[in-house]
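Everything below belongs to my_file_13.txt, which stores compact mmCIF, N, CA and C atoms.
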# COMPACT_ATOMS: atom_id res chain seq x y z
N MET A 1 63.11 31.30 89.40
CA MET A 1 62.56 32.32 88.52
C MET A 1 62.71 31.89 87.06
N PRO A 2 61.71 32.18 86.26
CA PRO A 2 61.79 31.82 84.84
C PRO A 2 62.82 32.68 84.10
N LYS A 3 63.26 32.15 82.97
CA LYS A 3 64.24 32.88 82.15
C LYS A 3 63.68 34.20 81.66
N HIS A 4 62.37 34.24 81.44
CA HIS A 4 61.73 35.49 80.98
C HIS A 4 61.97 36.61 81.98
N PHE A 5 61.93 36.27 83.26
CA PHE A 5 62.12 37.27 84.29
C PHE A 5 63.51 37.89 84.19
N PHE A 6 64.51 37.07 84.02
CA PHE A 6 65.87 37.58 83.95
C PHE A 6 66.11 38.41 82.69
N LYS A 7 65.46 38.02 81.59
CA LYS A 7 65.55 38.83 80.37
C LYS A 7 64.89 40.19 80.57
N GLU A 8 63.75 40.18 81.21
CA GLU A 8 63.04 41.44 81.48
C GLU A 8 63.81 42.30 82.48
N LEU A 9 64.50 41.66 83.41
CA LEU A 9 65.32 42.40 84.37
C LEU A 9 66.48 43.10 83.66
N GLU A 10 67.09 42.43 82.71
CA GLU A 10 68.17 43.05 81.93
C GLU A 10 67.63 44.20 81.08
N THR A 11 66.45 44.01 80.50
CA THR A 11 65.82 45.08 79.73
C THR A 11 65.52 46.27 80.62
N LEU A 12 65.08 45.99 81.83
CA LEU A 12 64.79 47.04 82.81
C LEU A 12 66.04 47.87 83.11
N LYS A 13 67.15 47.18 83.30
CA LYS A 13 68.41 47.87 83.56
C LYS A 13 68.82 48.75 82.38
N LYS A 14 68.67 48.22 81.17
CA LYS A 14 69.03 48.98 79.97
C LYS A 14 68.15 50.21 79.81
N GLU A 15 66.86 50.05 80.07
CA GLU A 15 65.94 51.19 79.96
C GLU A 15 66.25 52.26 81.00
N LEU A 16 66.61 51.83 82.20
CA LEU A 16 67.00 52.80 83.24
C LEU A 16 68.26 53.54 82.83
N LEU A 17 69.21 52.84 82.27
CA LEU A 17 70.45 53.47 81.80
C LEU A 17 70.15 54.46 80.67
N ALA A 18 69.25 54.10 79.76
CA ALA A 18 68.89 55.01 78.67
C ALA A 18 68.21 56.26 79.21
N LEU A 19 67.34 56.10 80.19
CA LEU A 19 66.69 57.25 80.80
C LEU A 19 67.71 58.13 81.52
N THR A 20 68.64 57.51 82.20
CA THR A 20 69.70 58.26 82.89
C THR A 20 70.51 59.08 81.90
N THR A 21 70.84 58.50 80.78
CA THR A 21 71.61 59.20 79.75
C THR A 21 70.83 60.39 79.21
N THR A 22 69.55 60.19 78.95
CA THR A 22 68.71 61.27 78.43
C THR A 22 68.62 62.42 79.44
N VAL A 23 68.44 62.09 80.70
CA VAL A 23 68.35 63.12 81.74
C VAL A 23 69.68 63.85 81.89
N GLU A 24 70.78 63.11 81.82
CA GLU A 24 72.10 63.74 81.92
C GLU A 24 72.32 64.72 80.76
N GLU A 25 71.95 64.32 79.56
CA GLU A 25 72.06 65.21 78.39
C GLU A 25 71.19 66.45 78.58
N SER A 26 70.01 66.25 79.10
CA SER A 26 69.10 67.36 79.33
C SER A 26 69.68 68.35 80.33
N LEU A 27 70.30 67.84 81.37
CA LEU A 27 70.92 68.72 82.38
C LEU A 27 72.09 69.49 81.78
N GLU A 28 72.93 68.80 81.03
CA GLU A 28 74.06 69.47 80.39
C GLU A 28 73.58 70.56 79.43
N ASN A 29 72.55 70.25 78.65
CA ASN A 29 72.02 71.23 77.71
C ASN A 29 71.37 72.41 78.42
N ALA A 30 70.69 72.16 79.53
CA ALA A 30 70.06 73.25 80.28
C ALA A 30 71.12 74.19 80.84
N ILE A 31 72.19 73.64 81.38
CA ILE A 31 73.26 74.48 81.93
C ILE A 31 73.97 75.24 80.82
N THR A 32 74.19 74.58 79.69
CA THR A 32 74.82 75.26 78.55
C THR A 32 73.93 76.38 78.04
N ALA A 33 72.63 76.12 77.96
CA ALA A 33 71.69 77.16 77.51
C ALA A 33 71.71 78.35 78.46
N LEU A 34 71.84 78.10 79.74
CA LEU A 34 71.91 79.18 80.71
C LEU A 34 73.21 79.95 80.58
N ARG A 35 74.30 79.21 80.44
CA ARG A 35 75.62 79.84 80.36
C ARG A 35 75.79 80.65 79.08
N LYS A 36 75.33 80.10 77.96
CA LYS A 36 75.53 80.76 76.66
C LYS A 36 74.34 81.62 76.24
N ARG A 37 73.30 81.64 77.07
CA ARG A 37 72.08 82.40 76.75
C ARG A 37 71.52 81.98 75.39
N ASP A 38 71.33 80.70 75.25
CA ASP A 38 70.87 80.10 73.99
C ASP A 38 69.41 79.66 74.11
N PRO A 39 68.47 80.46 73.62
CA PRO A 39 67.05 80.10 73.75
C PRO A 39 66.67 78.86 72.95
N ALA A 40 67.33 78.61 71.83
CA ALA A 40 67.02 77.42 71.02
C ALA A 40 67.38 76.15 71.77
N LEU A 41 68.53 76.15 72.42
CA LEU A 41 68.94 74.98 73.21
C LEU A 41 68.00 74.79 74.40
N ALA A 42 67.58 75.90 75.00
CA ALA A 42 66.63 75.83 76.11
C ALA A 42 65.31 75.22 75.65
N GLN A 43 64.84 75.61 74.48
CA GLN A 43 63.60 75.03 73.95
C GLN A 43 63.76 73.55 73.66
N GLY A 44 64.96 73.13 73.25
CA GLY A 44 65.22 71.71 73.03
C GLY A 44 65.10 70.91 74.32
N VAL A 45 65.59 71.48 75.42
CA VAL A 45 65.49 70.82 76.72
C VAL A 45 64.01 70.70 77.12
N ILE A 46 63.27 71.77 76.91
CA ILE A 46 61.85 71.76 77.26
C ILE A 46 61.10 70.71 76.43
N ALA A 47 61.43 70.62 75.16
CA ALA A 47 60.78 69.64 74.29
C ALA A 47 61.16 68.20 74.67
N GLN A 48 62.38 68.02 75.14
CA GLN A 48 62.85 66.67 75.49
C GLN A 48 62.18 66.15 76.76
N ASP A 49 61.58 67.03 77.53
CA ASP A 49 60.93 66.60 78.77
C ASP A 49 59.79 65.62 78.51
N GLU A 50 59.11 65.78 77.40
CA GLU A 50 58.01 64.86 77.08
C GLU A 50 58.54 63.43 76.89
N GLU A 51 59.69 63.31 76.23
CA GLU A 51 60.30 61.99 76.05
C GLU A 51 60.68 61.38 77.40
N ILE A 52 61.24 62.20 78.28
CA ILE A 52 61.62 61.73 79.62
C ILE A 52 60.39 61.26 80.37
N ASP A 53 59.30 62.02 80.30
CA ASP A 53 58.07 61.64 80.99
C ASP A 53 57.51 60.33 80.45
N GLU A 54 57.54 60.16 79.13
CA GLU A 54 57.03 58.92 78.53
C GLU A 54 57.88 57.72 78.95
N ARG A 55 59.19 57.90 78.96
CA ARG A 55 60.07 56.80 79.38
C ARG A 55 59.85 56.46 80.85
N GLU A 56 59.62 57.47 81.66
CA GLU A 56 59.37 57.24 83.09
C GLU A 56 58.12 56.41 83.30
N VAL A 57 57.06 56.74 82.59
CA VAL A 57 55.81 55.99 82.71
C VAL A 57 55.99 54.56 82.23
N ALA A 58 56.66 54.38 81.11
CA ALA A 58 56.87 53.04 80.56
C ALA A 58 57.71 52.17 81.51
N LEU A 59 58.74 52.77 82.08
CA LEU A 59 59.61 52.03 83.00
C LEU A 59 58.85 51.65 84.28
N GLU A 60 58.04 52.57 84.77
CA GLU A 60 57.25 52.27 85.96
C GLU A 60 56.25 51.15 85.69
N GLU A 61 55.60 51.19 84.54
CA GLU A 61 54.66 50.13 84.18
C GLU A 61 55.36 48.79 84.08
N GLU A 62 56.57 48.79 83.52
CA GLU A 62 57.33 47.54 83.41
C GLU A 62 57.68 46.99 84.79
N CYS A 63 58.08 47.85 85.70
CA CYS A 63 58.40 47.41 87.06
C CYS A 63 57.17 46.83 87.75
N LEU A 64 56.05 47.51 87.63
CA LEU A 64 54.83 47.03 88.28
C LEU A 64 54.38 45.70 87.67
N LYS A 65 54.56 45.56 86.35
CA LYS A 65 54.22 44.29 85.69
C LYS A 65 55.09 43.16 86.22
N MET A 66 56.38 43.45 86.38
CA MET A 66 57.29 42.42 86.90
C MET A 66 56.93 42.04 88.33
N LEU A 67 56.57 43.02 89.14
CA LEU A 67 56.17 42.72 90.51
C LEU A 67 54.92 41.86 90.55
N ALA A 68 53.97 42.16 89.68
CA ALA A 68 52.71 41.42 89.67
C ALA A 68 52.87 40.01 89.09
N LEU A 69 53.63 39.88 88.02
CA LEU A 69 53.74 38.59 87.35
C LEU A 69 54.69 37.61 88.03
N TYR A 70 55.83 38.12 88.49
CA TYR A 70 56.89 37.22 88.97
C TYR A 70 57.05 37.22 90.48
N GLN A 71 56.51 38.19 91.17
CA GLN A 71 56.63 38.30 92.62
C GLN A 71 58.06 38.04 93.08
N PRO A 72 59.00 38.89 92.64
CA PRO A 72 60.41 38.66 92.99
C PRO A 72 60.65 38.80 94.50
N VAL A 73 61.70 38.15 94.96
CA VAL A 73 62.08 38.24 96.38
C VAL A 73 63.56 38.59 96.47
N ALA A 74 63.96 38.98 97.66
CA ALA A 74 65.35 39.26 98.01
C ALA A 74 66.01 40.25 97.05
N THR A 75 67.11 39.85 96.45
CA THR A 75 67.91 40.75 95.61
C THR A 75 67.12 41.27 94.41
N ASP A 76 66.36 40.40 93.79
CA ASP A 76 65.58 40.81 92.62
C ASP A 76 64.52 41.84 92.99
N LEU A 77 63.88 41.64 94.11
CA LEU A 77 62.87 42.59 94.58
C LEU A 77 63.52 43.94 94.88
N ARG A 78 64.66 43.92 95.54
CA ARG A 78 65.37 45.17 95.85
C ARG A 78 65.77 45.90 94.57
N LEU A 79 66.17 45.15 93.56
CA LEU A 79 66.55 45.77 92.30
C LEU A 79 65.35 46.45 91.64
N VAL A 80 64.22 45.77 91.58
CA VAL A 80 63.03 46.34 90.95
C VAL A 80 62.55 47.57 91.73
N ILE A 81 62.55 47.49 93.04
CA ILE A 81 62.15 48.63 93.86
C ILE A 81 63.14 49.78 93.68
N GLY A 82 64.42 49.46 93.61
CA GLY A 82 65.44 50.49 93.38
C GLY A 82 65.24 51.19 92.03
N VAL A 83 64.91 50.42 91.02
CA VAL A 83 64.65 51.00 89.69
C VAL A 83 63.44 51.93 89.76
N LEU A 84 62.40 51.52 90.48
CA LEU A 84 61.22 52.38 90.65
C LEU A 84 61.58 53.71 91.29
N LYS A 85 62.39 53.65 92.34
CA LYS A 85 62.77 54.88 93.05
C LYS A 85 63.68 55.76 92.19
N MET A 86 64.66 55.15 91.54
CA MET A 86 65.56 55.94 90.68
C MET A 86 64.79 56.55 89.52
N ASN A 87 63.85 55.79 88.97
CA ASN A 87 63.04 56.26 87.86
C ASN A 87 62.28 57.53 88.25
N ASN A 88 61.69 57.52 89.43
CA ASN A 88 60.96 58.69 89.91
C ASN A 88 61.90 59.88 90.09
N ASP A 89 63.06 59.64 90.67
CA ASP A 89 64.03 60.73 90.87
C ASP A 89 64.54 61.30 89.55
N LEU A 90 64.78 60.43 88.58
CA LEU A 90 65.26 60.90 87.28
C LEU A 90 64.21 61.76 86.58
N GLU A 91 62.95 61.38 86.70
CA GLU A 91 61.89 62.18 86.10
C GLU A 91 61.83 63.55 86.75
N ARG A 92 62.02 63.59 88.05
CA ARG A 92 62.02 64.87 88.78
C ARG A 92 63.21 65.73 88.35
N ILE A 93 64.36 65.13 88.18
CA ILE A 93 65.53 65.86 87.70
C ILE A 93 65.25 66.44 86.31
N GLY A 94 64.58 65.65 85.47
CA GLY A 94 64.19 66.14 84.15
C GLY A 94 63.29 67.37 84.25
N ASP A 95 62.36 67.35 85.20
CA ASP A 95 61.50 68.52 85.41
C ASP A 95 62.31 69.73 85.87
N LEU A 96 63.30 69.50 86.71
CA LEU A 96 64.14 70.60 87.17
C LEU A 96 64.99 71.15 86.03
N CYS A 97 65.39 70.30 85.11
CA CYS A 97 66.11 70.76 83.91
C CYS A 97 65.24 71.70 83.09
N VAL A 98 63.96 71.38 83.01
CA VAL A 98 63.02 72.24 82.30
C VAL A 98 62.94 73.60 82.99
N ASN A 99 62.91 73.59 84.32
CA ASN A 99 62.88 74.86 85.06
C ASN A 99 64.11 75.71 84.74
N ILE A 100 65.28 75.08 84.71
CA ILE A 100 66.52 75.79 84.37
C ILE A 100 66.44 76.33 82.95
N ALA A 101 65.94 75.50 82.03
CA ALA A 101 65.85 75.90 80.62
C ALA A 101 64.86 77.05 80.44
N GLU A 102 63.75 77.01 81.15
CA GLU A 102 62.79 78.11 81.07
C GLU A 102 63.41 79.41 81.57
N ARG A 103 64.15 79.32 82.64
CA ARG A 103 64.82 80.51 83.17
C ARG A 103 65.89 80.98 82.20
N ALA A 104 66.60 80.04 81.58
CA ALA A 104 67.62 80.41 80.59
C ALA A 104 66.99 81.12 79.40
N ALA A 105 65.86 80.63 78.94
CA ALA A 105 65.17 81.27 77.81
C ALA A 105 64.72 82.68 78.19
N PHE A 106 64.24 82.84 79.41
CA PHE A 106 63.81 84.16 79.88
C PHE A 106 65.00 85.11 79.98
N LEU A 107 66.10 84.63 80.54
CA LEU A 107 67.28 85.48 80.73
C LEU A 107 67.98 85.80 79.42
N SER A 108 67.78 84.98 78.41
CA SER A 108 68.44 85.23 77.13
C SER A 108 67.93 86.51 76.47
N LYS A 109 66.78 86.98 76.88
CA LYS A 109 66.20 88.20 76.32
C LYS A 109 66.86 89.47 76.90
N ASP A 110 67.47 89.34 78.07
CA ASP A 110 68.10 90.48 78.73
C ASP A 110 69.56 90.60 78.32
N SER A 111 70.15 91.72 78.62
CA SER A 111 71.57 91.90 78.32
C SER A 111 72.41 91.09 79.31
N PRO A 112 73.58 90.64 78.87
CA PRO A 112 74.43 89.81 79.74
C PRO A 112 74.90 90.58 80.99
N VAL A 113 75.07 89.84 82.05
CA VAL A 113 75.57 90.39 83.31
C VAL A 113 77.07 90.15 83.35
N THR A 114 77.79 91.09 83.92
CA THR A 114 79.26 90.97 83.93
C THR A 114 79.78 90.10 85.07
N ILE A 115 78.90 89.51 85.84
CA ILE A 115 79.33 88.63 86.93
C ILE A 115 79.84 87.33 86.33
N PRO A 116 80.99 86.84 86.78
CA PRO A 116 81.52 85.58 86.21
C PRO A 116 80.57 84.41 86.48
N PHE A 117 80.41 83.56 85.49
CA PHE A 117 79.52 82.40 85.59
C PHE A 117 80.35 81.18 85.97
N ASP A 118 80.18 80.70 87.18
CA ASP A 118 80.95 79.55 87.66
C ASP A 118 80.00 78.45 88.15
N PHE A 119 78.92 78.27 87.45
CA PHE A 119 77.89 77.30 87.86
C PHE A 119 78.35 75.87 87.64
N GLU A 120 79.09 75.63 86.58
CA GLU A 120 79.51 74.26 86.25
C GLU A 120 80.46 73.74 87.29

Translate the structure of the given file into structure tokens.
Amino acid sequence: MPKHFFKELETLKKELLALTTTVEESLENAITALRKRDPALAQGVIAQDEEIDEREVALEEECLKMLALYQPVATDLRLVIGVLKMNNDLERIGDLCVNIAERAAFLSKDSPVTIPFDFE
């Protein structure tokens, strides 16, 4: 395999890690918005979904480019396919964070419930 492939593979790993971090922050913010009834934080999560979607598309395009250009085999192929699958799952988690944030924004308009919140 050419050196370019290994450089792109490292970039792929870094981009996946960056997407994972963004999704994790989105999930934490969505839960916090729900717990604290914070509509502004919920709107931030909803706005951040566009960034997650853009990163997902870019990462998928990079994986497909690597498959087409370098035709990896064995471990490298498994890694690229794994990144594709994780990428799809992370984007879906980001969408679910938006669902939580939308519900948090809706619930923030109502009076608080006295039931203890033990979601975390």

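Considering only N, CA and C atoms, the residue among A:Met86, A:Gln48, A:Lys7, A:Leu107 positioned nearest to Thr22 (chain A) is A:Gln48.
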
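Closest approach to Arg55 (chain A) among A:Glu15, A:Asp118, A:Glu24, A:Asp95: A:Glu15, based on only C-alpha atoms.
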
Would you list the contacts of region 29-35 of chain A as a PyMOL selection string, taking every protein, DNA or RNA residue within 8 Å and counting only N, CA and C atoms, but skipping same-chain residues closer than 6 positions in sequence? chain A and resi 23+41-46+96-105+107-108+117+119-120

Point-to-point distance in Å for CA of Asp38 (chain A) and atom C of Glu56 (chain A): 28.5 Å

Write out as a list of chain:residue names each polymer residue whose atoms come within 10 Å of region 65-72 of chain A, counting only C-alpha atoms; drop sequence neighbours fewer than 5 positions from it. A:Met1, A:Pro2, A:His4, A:Phe5, A:Glu8, A:Leu9, A:Leu12, A:Leu59, A:Glu60, A:Leu77, A:Arg78, A:Leu79, A:Val80, A:Ile81

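Using only C-alpha atoms, the nearest neighbour of Pro39 (chain A) within the list A:Asp76, A:Asn88, A:Lys3, A:Lys109 is A:Lys109.
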
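Put simply, CA of Thr20 (chain A) is 14.0 Å away from CA of Ala58 (chain A).
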
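Between Lys14 (chain A) and the residues A:Lys36, A:Val83, A:Leu27, A:Leu64, the shortest atom-to-atom distance, using only C-alpha atoms, involves A:Val83.
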
Work out how far atom C of Ala18 (chain A) is from atom C of Lys85 (chain A), in Å to one decimal. 13.8 Å

Using DSSP secondary structure from the backbone, list all alpha helix (DSSP H) positions within chain A, as number ranges by chain. A: 3-36, 39-70, 74-107

Assuming 3 Å of padding per side, give the centre and edge lengths of the axis-aligned box around every listed atom of region 61-75 of chain A, in Å to one decimal and as lines of an AutoDock Vina configuration file.
center_x = 60.3
center_y = 44.2
center_z = 90.7
size_x = 21.2
size_y = 20.0
size_z = 20.6

Coordinate excerpt as a tab-separated table (two decimals), in the first residue's frame: region 9-51 of chain A, N, CA and C atoms:
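The resulting file, decode_4.tsv, is reproduced below:
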chain	number	residue	atom	x	y	z
A	9	LEU	N	-5.65	6.93	6.10
A	9	LEU	CA	-6.23	6.06	7.13
A	9	LEU	C	-6.14	6.72	8.50
A	10	GLU	N	-5.02	7.35	8.79
A	10	GLU	CA	-4.86	8.07	10.06
A	10	GLU	C	-5.82	9.27	10.12
A	11	THR	N	-5.97	9.97	9.00
A	11	THR	CA	-6.91	11.09	8.94
A	11	THR	C	-8.33	10.59	9.17
A	12	LEU	N	-8.64	9.44	8.61
A	12	LEU	CA	-9.96	8.84	8.78
A	12	LEU	C	-10.24	8.55	10.25
A	13	LYS	N	-9.25	8.00	10.93
A	13	LYS	CA	-9.39	7.71	12.36
A	13	LYS	C	-9.62	8.99	13.16
A	14	LYS	N	-8.86	10.04	12.84
A	14	LYS	CA	-9.00	11.31	13.54
A	14	LYS	C	-10.36	11.93	13.31
A	15	GLU	N	-10.85	11.86	12.08
A	15	GLU	CA	-12.17	12.41	11.77
A	15	GLU	C	-13.27	11.64	12.48
A	16	LEU	N	-13.13	10.33	12.57
A	16	LEU	CA	-14.11	9.53	13.30
A	16	LEU	C	-14.10	9.89	14.78
A	17	LEU	N	-12.93	10.09	15.34
A	17	LEU	CA	-12.82	10.48	16.74
A	17	LEU	C	-13.44	11.86	16.97
A	18	ALA	N	-13.23	12.79	16.04
A	18	ALA	CA	-13.83	14.12	16.16
A	18	ALA	C	-15.35	14.04	16.09
A	19	LEU	N	-15.87	13.21	15.20
A	19	LEU	CA	-17.31	13.04	15.11
A	19	LEU	C	-17.86	12.41	16.38
A	20	THR	N	-17.15	11.45	16.91
A	20	THR	CA	-17.57	10.80	18.16
A	20	THR	C	-17.63	11.82	19.30
A	21	THR	N	-16.66	12.68	19.38
A	21	THR	CA	-16.62	13.71	20.42
A	21	THR	C	-17.80	14.66	20.27
A	22	THR	N	-18.09	15.07	19.05
A	22	THR	CA	-19.20	15.98	18.80
A	22	THR	C	-20.53	15.34	19.20
A	23	VAL	N	-20.71	14.08	18.84
A	23	VAL	CA	-21.95	13.37	19.17
A	23	VAL	C	-22.07	13.19	20.69
A	24	GLU	N	-20.96	12.88	21.34
A	24	GLU	CA	-20.98	12.73	22.79
A	24	GLU	C	-21.38	14.04	23.48
A	25	GLU	N	-20.82	15.15	23.01
A	25	GLU	CA	-21.18	16.46	23.56
A	25	GLU	C	-22.66	16.75	23.32
A	26	SER	N	-23.14	16.40	22.16
A	26	SER	CA	-24.54	16.63	21.83
A	26	SER	C	-25.45	15.83	22.76
A	27	LEU	N	-25.08	14.60	23.04
A	27	LEU	CA	-25.87	13.76	23.94
A	27	LEU	C	-25.87	14.33	25.36
A	28	GLU	N	-24.70	14.72	25.83
A	28	GLU	CA	-24.61	15.31	27.17
A	28	GLU	C	-25.45	16.59	27.26
A	29	ASN	N	-25.38	17.42	26.23
A	29	ASN	CA	-26.15	18.67	26.23
A	29	ASN	C	-27.65	18.40	26.15
A	30	ALA	N	-28.05	17.40	25.39
A	30	ALA	CA	-29.47	17.07	25.28
A	30	ALA	C	-30.02	16.59	26.63
A	31	ILE	N	-29.27	15.76	27.31
A	31	ILE	CA	-29.71	15.27	28.62
A	31	ILE	C	-29.73	16.41	29.64
A	32	THR	N	-28.73	17.27	29.59
A	32	THR	CA	-28.70	18.42	30.50
A	32	THR	C	-29.87	19.35	30.22
A	33	ALA	N	-30.17	19.57	28.95
A	33	ALA	CA	-31.31	20.42	28.59
A	33	ALA	C	-32.62	19.83	29.10
A	34	LEU	N	-32.73	18.53	29.05
A	34	LEU	CA	-33.93	17.86	29.55
A	34	LEU	C	-34.01	17.96	31.07
A	35	ARG	N	-32.88	17.72	31.72
A	35	ARG	CA	-32.85	17.74	33.19
A	35	ARG	C	-33.08	19.13	33.74
A	36	LYS	N	-32.46	20.14	33.14
A	36	LYS	CA	-32.55	21.51	33.65
A	36	LYS	C	-33.65	22.33	32.99
A	37	ARG	N	-34.35	21.73	32.04
A	37	ARG	CA	-35.41	22.43	31.31
A	37	ARG	C	-34.87	23.71	30.66
A	38	ASP	N	-33.81	23.54	29.92
A	38	ASP	CA	-33.10	24.67	29.30
A	38	ASP	C	-33.37	24.69	27.79
A	39	PRO	N	-34.29	25.53	27.33
A	39	PRO	CA	-34.61	25.54	25.90
A	39	PRO	C	-33.46	26.06	25.03
A	40	ALA	N	-32.63	26.94	25.56
A	40	ALA	CA	-31.50	27.46	24.78
A	40	ALA	C	-30.48	26.36	24.50
A	41	LEU	N	-30.21	25.55	25.51
A	41	LEU	CA	-29.28	24.43	25.32
A	41	LEU	C	-29.86	23.40	24.35
A	42	ALA	N	-31.17	23.19	24.44
A	42	ALA	CA	-31.84	22.27	23.52
A	42	ALA	C	-31.72	22.78	22.08
A	43	GLN	N	-31.90	24.07	21.89
A	43	GLN	CA	-31.75	24.64	20.54
A	43	GLN	C	-30.33	24.51	20.03
A	44	GLY	N	-29.35	24.59	20.94
A	44	GLY	CA	-27.96	24.39	20.55
A	44	GLY	C	-27.71	22.98	20.03
A	45	VAL	N	-28.33	22.00	20.68
A	45	VAL	CA	-28.20	20.60	20.24
A	45	VAL	C	-28.84	20.44	18.86
A	46	ILE	N	-29.99	21.04	18.68
A	46	ILE	CA	-30.68	20.94	17.39
A	46	ILE	C	-29.85	21.59	16.28
A	47	ALA	N	-29.24	22.73	16.59
A	47	ALA	CA	-28.40	23.41	15.60
A	47	ALA	C	-27.13	22.62	15.28
A	48	GLN	N	-26.61	21.92	16.28
A	48	GLN	CA	-25.36	21.16	16.09
A	48	GLN	C	-25.58	19.93	15.20
A	49	ASP	N	-26.82	19.52	15.02
A	49	ASP	CA	-27.10	18.34	14.21
A	49	ASP	C	-26.65	18.53	12.76
A	50	GLU	N	-26.74	19.74	12.26
A	50	GLU	CA	-26.30	20.00	10.89
A	50	GLU	C	-24.80	19.72	10.73
A	51	GLU	N	-24.02	20.13	11.73
A	51	GLU	CA	-22.57	19.85	11.69
A	51	GLU	C	-22.31	18.35	11.71
